[in-house]
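Below: one structure, written as C-alpha cells.
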Amino acid sequence: MTSAVIELDQLSLGWRDRIAVRDVTGAFARGSLTAIVGPNGAGKSTLVKGIMGLVSPLRGQIRLAGDSRRQMACLPQLGELDRSFPISTYDLVAMGAWRRVGAWRRFDQSEHERVQAALAMVGLADFGPRIIGTLSGGQMQRALFARLLLHDAHTLLLDEPFAAVDRHTTEDLMALLRDWHREGRTVIAVLHDLEMVRAYFPQALLLAGQAVAWGPTAEVLTPENLHLARHLCAGDYL
Ligand SMILES: Nc1ncnc2c1ncn2[C@@H]1O[C@H](COP(=O)(O)OP(=O)(O)OP(=O)(O)O)[C@@H](O)[C@H]1O
C-alpha cells in the first residue's frame with residue numbers, strides 16, 4: 001500500500017468562526033497527482049492554506065509524514081501576490097532556493113546556473129533582469145513555476161495555476177506539472193477546468209464546503225456528484 005504524505009482527519013477549517021470546509025477525512029498518497037475541484041467558495045483555497053499551515057484547524061487534524069512541511073512548496077493564487085514589489089524576475093526565481101541554500105550561504109555559480117536553467121525551462125531565459133511588475137499574467141505564472149523548480153520540494157500545492165494564462169502557457173506548465181508527478185513528487189492542484197482534470201489527474205477531491213467525493217477521478221466527477229456540489233454551494237446564498 002502506498003504511504004500517505006498528508007492525512008486529513010475530520011478536518012474543519014474556517015475564517016473566524018465561519019466554517020469554510022467541514023469534516024474532511026482522507027489522504028494524499030505519496031507520489032499522487034490530485035486535482036481539488038468544486039464551485040466558487042467551496043473551500044479549495046482554504047484547504048490548501050490549511051495544509052500549508054497558514055490556517056489553523058477549527059476541528060480535526062492534518063497529519064504530515066516526517067517533516068513534510070519543510071518539503072512542501074506552494075504556488076499561491078496570482079491575485080494574492082503583490083506584484084508592485086520592485087524585484088527582478090531572476091531574484092523572484094532565486095528565492096525558491098532559499099530553503100535549500102539558506103539565507104546566509106553564498107549563492108554560488110551552481111545556484112546561479114540552476115536559476116538560469118529554471119528560467120530557460122519555463123521559456124523566460126531572457127527575462128531575468130525584468131522587474132516582475134512588467135511581466136504579463138502568463139509570464140508571471142511561468143516565473144512562479146521556475147521558482148517552484150528551484151524549491152525542489154517533494155510535495156507541491158498549486159492554487160489555480162492556470163487561471164488567467166493562455167492555452168500555450170497552460171500546456172507548457174501542465175507538462176512541467178506532469179514531469180513533477182513522473183519524478184515521484186506529490187502534486188495537488190486546485191483547478192476549474194474539469195476536462196483538464198479528467199485528462200491528466202488520476203485523483204480528484206470534489207469540495208463543496210465539505211468533501212463530496214475523493215478518489216479516482218472518473219468515480220469523483222460523476223454528474224450526480226457535480227450536481228450535489230453545485231447544490232451544496234448554492235445553499236450558501238439562499
Ligand atoms: N481571508 C479570508 N477571510 C475571511 N473569509 C475567507 C477568506 N478567504 C476565504 N474566505 C471564505 O471562505 C470560504 C471558502 O473560500 P475559498 O477561497 O477557500 O473557496 P474556493 O473554493 O477556493 O473559491 P474560488 O473557486 O472562488 O477561489 C468562502 O465563504 C470565503 O468567503
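Chain labels A, B, ... are given in the sequence in which chains occur in the C-alpha cells; within each chain residues are numbered consecutively from 1, and ligands are likewise numbered from 1 in the order shown.
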
Gln116 of chain A environment, 9 Å, only C-alpha atoms, sequence neighbours closer than 5 positions dropped, as an MDAnalysis selection string: chainID A and resid 90 111 121 124:125 128

Those same residues, written as a CSV table (one decimal), in the first residue's frame with C-alpha atoms?
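Here's the written file out_18.csv:
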chain,number,residue,atom,x,y,z
A,90,TYR,CA,15.8,36.5,-11.5
A,111,GLU,CA,22.9,28.0,-7.9
A,121,MET,CA,12.8,25.8,-18.8
A,124,LEU,CA,11.9,33.1,-19.8
A,125,ALA,CA,15.6,32.7,-20.5
A,128,GLY,CA,15.9,37.6,-15.6

Protein and nucleic residues near ligand 1, 9 Å, only C-alpha atoms and all ligand atoms, as a VMD selection string: chain A and resid 13 to 16 18 to 21 36 to 49 77 159 to 160 190 to 192 207 to 209 236

Residues as selected, N, CA and C atoms, written as a tab-separated table (two decimals), in the first residue's frame, can you do that?
chain	number	residue	atom	x	y	z
A	13	LEU	N	-11.99	23.67	8.65
A	13	LEU	CA	-11.21	24.89	8.57
A	13	LEU	C	-12.14	26.06	8.32
A	14	GLY	N	-11.76	27.22	8.77
A	14	GLY	CA	-12.62	28.37	8.51
A	14	GLY	C	-11.94	29.67	8.83
A	15	TRP	N	-12.71	30.70	8.72
A	15	TRP	CA	-12.23	32.05	8.95
A	15	TRP	C	-13.05	32.64	10.08
A	16	ARG	N	-12.36	33.12	11.09
A	16	ARG	CA	-13.01	33.50	12.34
A	16	ARG	C	-13.90	32.32	12.76
A	18	ARG	N	-16.53	31.19	11.06
A	18	ARG	CA	-17.31	30.66	9.95
A	18	ARG	C	-16.57	29.49	9.28
A	19	ILE	N	-17.24	28.34	9.22
A	19	ILE	CA	-16.57	27.16	8.66
A	19	ILE	C	-16.59	27.22	7.13
A	20	ALA	N	-15.40	27.01	6.52
A	20	ALA	CA	-15.30	27.01	5.06
A	20	ALA	C	-15.29	25.59	4.50
A	21	VAL	N	-14.61	24.68	5.20
A	21	VAL	CA	-14.68	23.24	4.84
A	21	VAL	C	-14.87	22.44	6.12
A	36	ILE	N	-8.01	19.34	-6.87
A	36	ILE	CA	-9.08	19.76	-5.97
A	36	ILE	C	-10.02	20.63	-6.78
A	37	VAL	N	-11.27	20.19	-6.87
A	37	VAL	CA	-12.25	20.91	-7.70
A	37	VAL	C	-13.49	21.23	-6.86
A	38	GLY	N	-14.30	22.13	-7.38
A	38	GLY	CA	-15.53	22.49	-6.68
A	38	GLY	C	-15.95	23.89	-7.06
A	39	PRO	N	-17.19	24.25	-6.79
A	39	PRO	CA	-17.69	25.58	-7.16
A	39	PRO	C	-16.96	26.69	-6.41
A	40	ASN	N	-17.21	27.94	-6.82
A	40	ASN	CA	-16.64	29.09	-6.10
A	40	ASN	C	-17.09	29.05	-4.66
A	41	GLY	N	-16.14	29.33	-3.78
A	41	GLY	CA	-16.47	29.36	-2.35
A	41	GLY	C	-16.55	28.00	-1.70
A	42	ALA	N	-16.12	26.95	-2.43
A	42	ALA	CA	-16.23	25.58	-1.92
A	42	ALA	C	-15.24	25.28	-0.80
A	43	GLY	N	-14.21	26.15	-0.67
A	43	GLY	CA	-13.22	25.93	0.37
A	43	GLY	C	-11.90	25.38	-0.15
A	44	LYS	N	-11.70	25.41	-1.46
A	44	LYS	CA	-10.50	24.81	-2.06
A	44	LYS	C	-9.23	25.54	-1.58
A	45	SER	N	-9.26	26.88	-1.72
A	45	SER	CA	-8.06	27.65	-1.30
A	45	SER	C	-7.85	27.54	0.20
A	46	THR	N	-8.94	27.52	0.94
A	46	THR	CA	-8.82	27.40	2.40
A	46	THR	C	-8.14	26.08	2.75
A	47	LEU	N	-8.49	25.01	2.05
A	47	LEU	CA	-7.87	23.71	2.33
A	47	LEU	C	-6.37	23.76	2.01
A	48	VAL	N	-6.02	24.35	0.88
A	48	VAL	CA	-4.59	24.47	0.53
A	48	VAL	C	-3.86	25.25	1.62
A	49	LYS	N	-4.46	26.36	2.07
A	49	LYS	CA	-3.81	27.17	3.11
A	49	LYS	C	-3.71	26.36	4.42
A	77	GLN	N	-2.51	31.72	-5.37
A	77	GLN	CA	-3.28	32.32	-6.46
A	77	GLN	C	-2.59	33.61	-6.88
A	159	ASP	N	-2.45	26.57	-6.35
A	159	ASP	CA	-3.82	27.09	-6.29
A	159	ASP	C	-4.16	27.80	-7.60
A	160	GLU	N	-4.98	27.17	-8.39
A	160	GLU	CA	-5.39	27.69	-9.71
A	160	GLU	C	-4.18	28.12	-10.55
A	190	VAL	N	-5.44	23.00	-7.34
A	190	VAL	CA	-6.82	23.47	-7.41
A	190	VAL	C	-7.09	23.86	-8.85
A	191	LEU	N	-8.12	23.28	-9.44
A	191	LEU	CA	-8.40	23.55	-10.85
A	191	LEU	C	-9.89	23.75	-11.08
A	192	HIS	N	-10.21	24.52	-12.13
A	192	HIS	CA	-11.62	24.69	-12.50
A	192	HIS	C	-11.96	23.94	-13.79
A	207	LEU	N	-14.89	19.30	-3.62
A	207	LEU	CA	-15.29	20.01	-2.40
A	207	LEU	C	-16.52	20.87	-2.66
A	208	ALA	N	-17.32	21.02	-1.62
A	208	ALA	CA	-18.44	21.96	-1.65
A	208	ALA	C	-18.76	22.30	-0.19
A	209	GLY	N	-17.79	22.92	0.47
A	209	GLY	CA	-17.94	23.19	1.90
A	209	GLY	C	-17.74	21.92	2.73
A	236	ASP	N	-25.41	28.16	0.21
A	236	ASP	CA	-24.77	29.25	0.96
A	236	ASP	C	-25.45	30.59	0.74

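Candidate residues A:Val122, A:Leu149, A:Leu194, A:Val93 were compared for distance to Thr169 of chain A, and the nearest is A:Val122, using only C-alpha atoms.
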
Give me the residues within 7 Å of Trp214 of chain A as number ranges by chain, counting only C-alpha atoms and dropping any in the same chain fewer than 4 places off. A: 204-206, 220

Hey, can you spit out that residue selection with C-alpha atoms as an mmCIF file, in the first residue's frame?
data_model
loop_
_atom_site.group_PDB
_atom_site.id
_atom_site.type_symbol
_atom_site.label_atom_id
_atom_site.label_comp_id
_atom_site.auth_asym_id
_atom_site.auth_seq_id
_atom_site.Cartn_x
_atom_site.Cartn_y
_atom_site.Cartn_z
ATOM 1 C CA ALA A 204 -9.705 14.194 -7.577
ATOM 2 C CA LEU A 205 -11.198 15.725 -4.451
ATOM 3 C CA LEU A 206 -14.559 17.385 -5.039
ATOM 4 C CA VAL A 220 -15.491 11.502 -8.371
#

Contacts of Ala164 of chain A at 9 Å or less, counting only C-alpha atoms, minus same-chain residues fewer than 3 places along, as a short mmCIF file (atom, residue, chain, number, x, y, z; two decimals) with C-alpha atoms, in the first residue's frame?
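The resulting file, around17.cif, is reproduced below:
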data_model
loop_
_atom_site.label_atom_id
_atom_site.label_comp_id
_atom_site.auth_asym_id
_atom_site.auth_seq_id
_atom_site.Cartn_x
_atom_site.Cartn_y
_atom_site.Cartn_z
CA LEU A 78 -1.89 35.03 -8.72
CA GLY A 137 -0.01 37.31 -16.17
CA GLY A 138 1.24 34.29 -18.13
CA PRO A 161 -2.07 27.51 -11.56
#

Which is closer to Val115 of chain A than all the others in A:Arg147, A:Arg63, A:Arg99, A:Arg130, using only C-alpha atoms?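 The answer is A:Arg147, which sits nearest to Val115 of chain A.
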
Compare A:Arg142, A:Ser84, A:His154, A:Leu33 by their minimum atom-to-atom distance to Phe201 of chain A, counting only C-alpha atoms, and give me the closest one. A:Leu33

Interatomic distance (Å, one decimal) between atom CA of Pro129 of chain A and atom CA of His112 of chain A: 13.4 Å
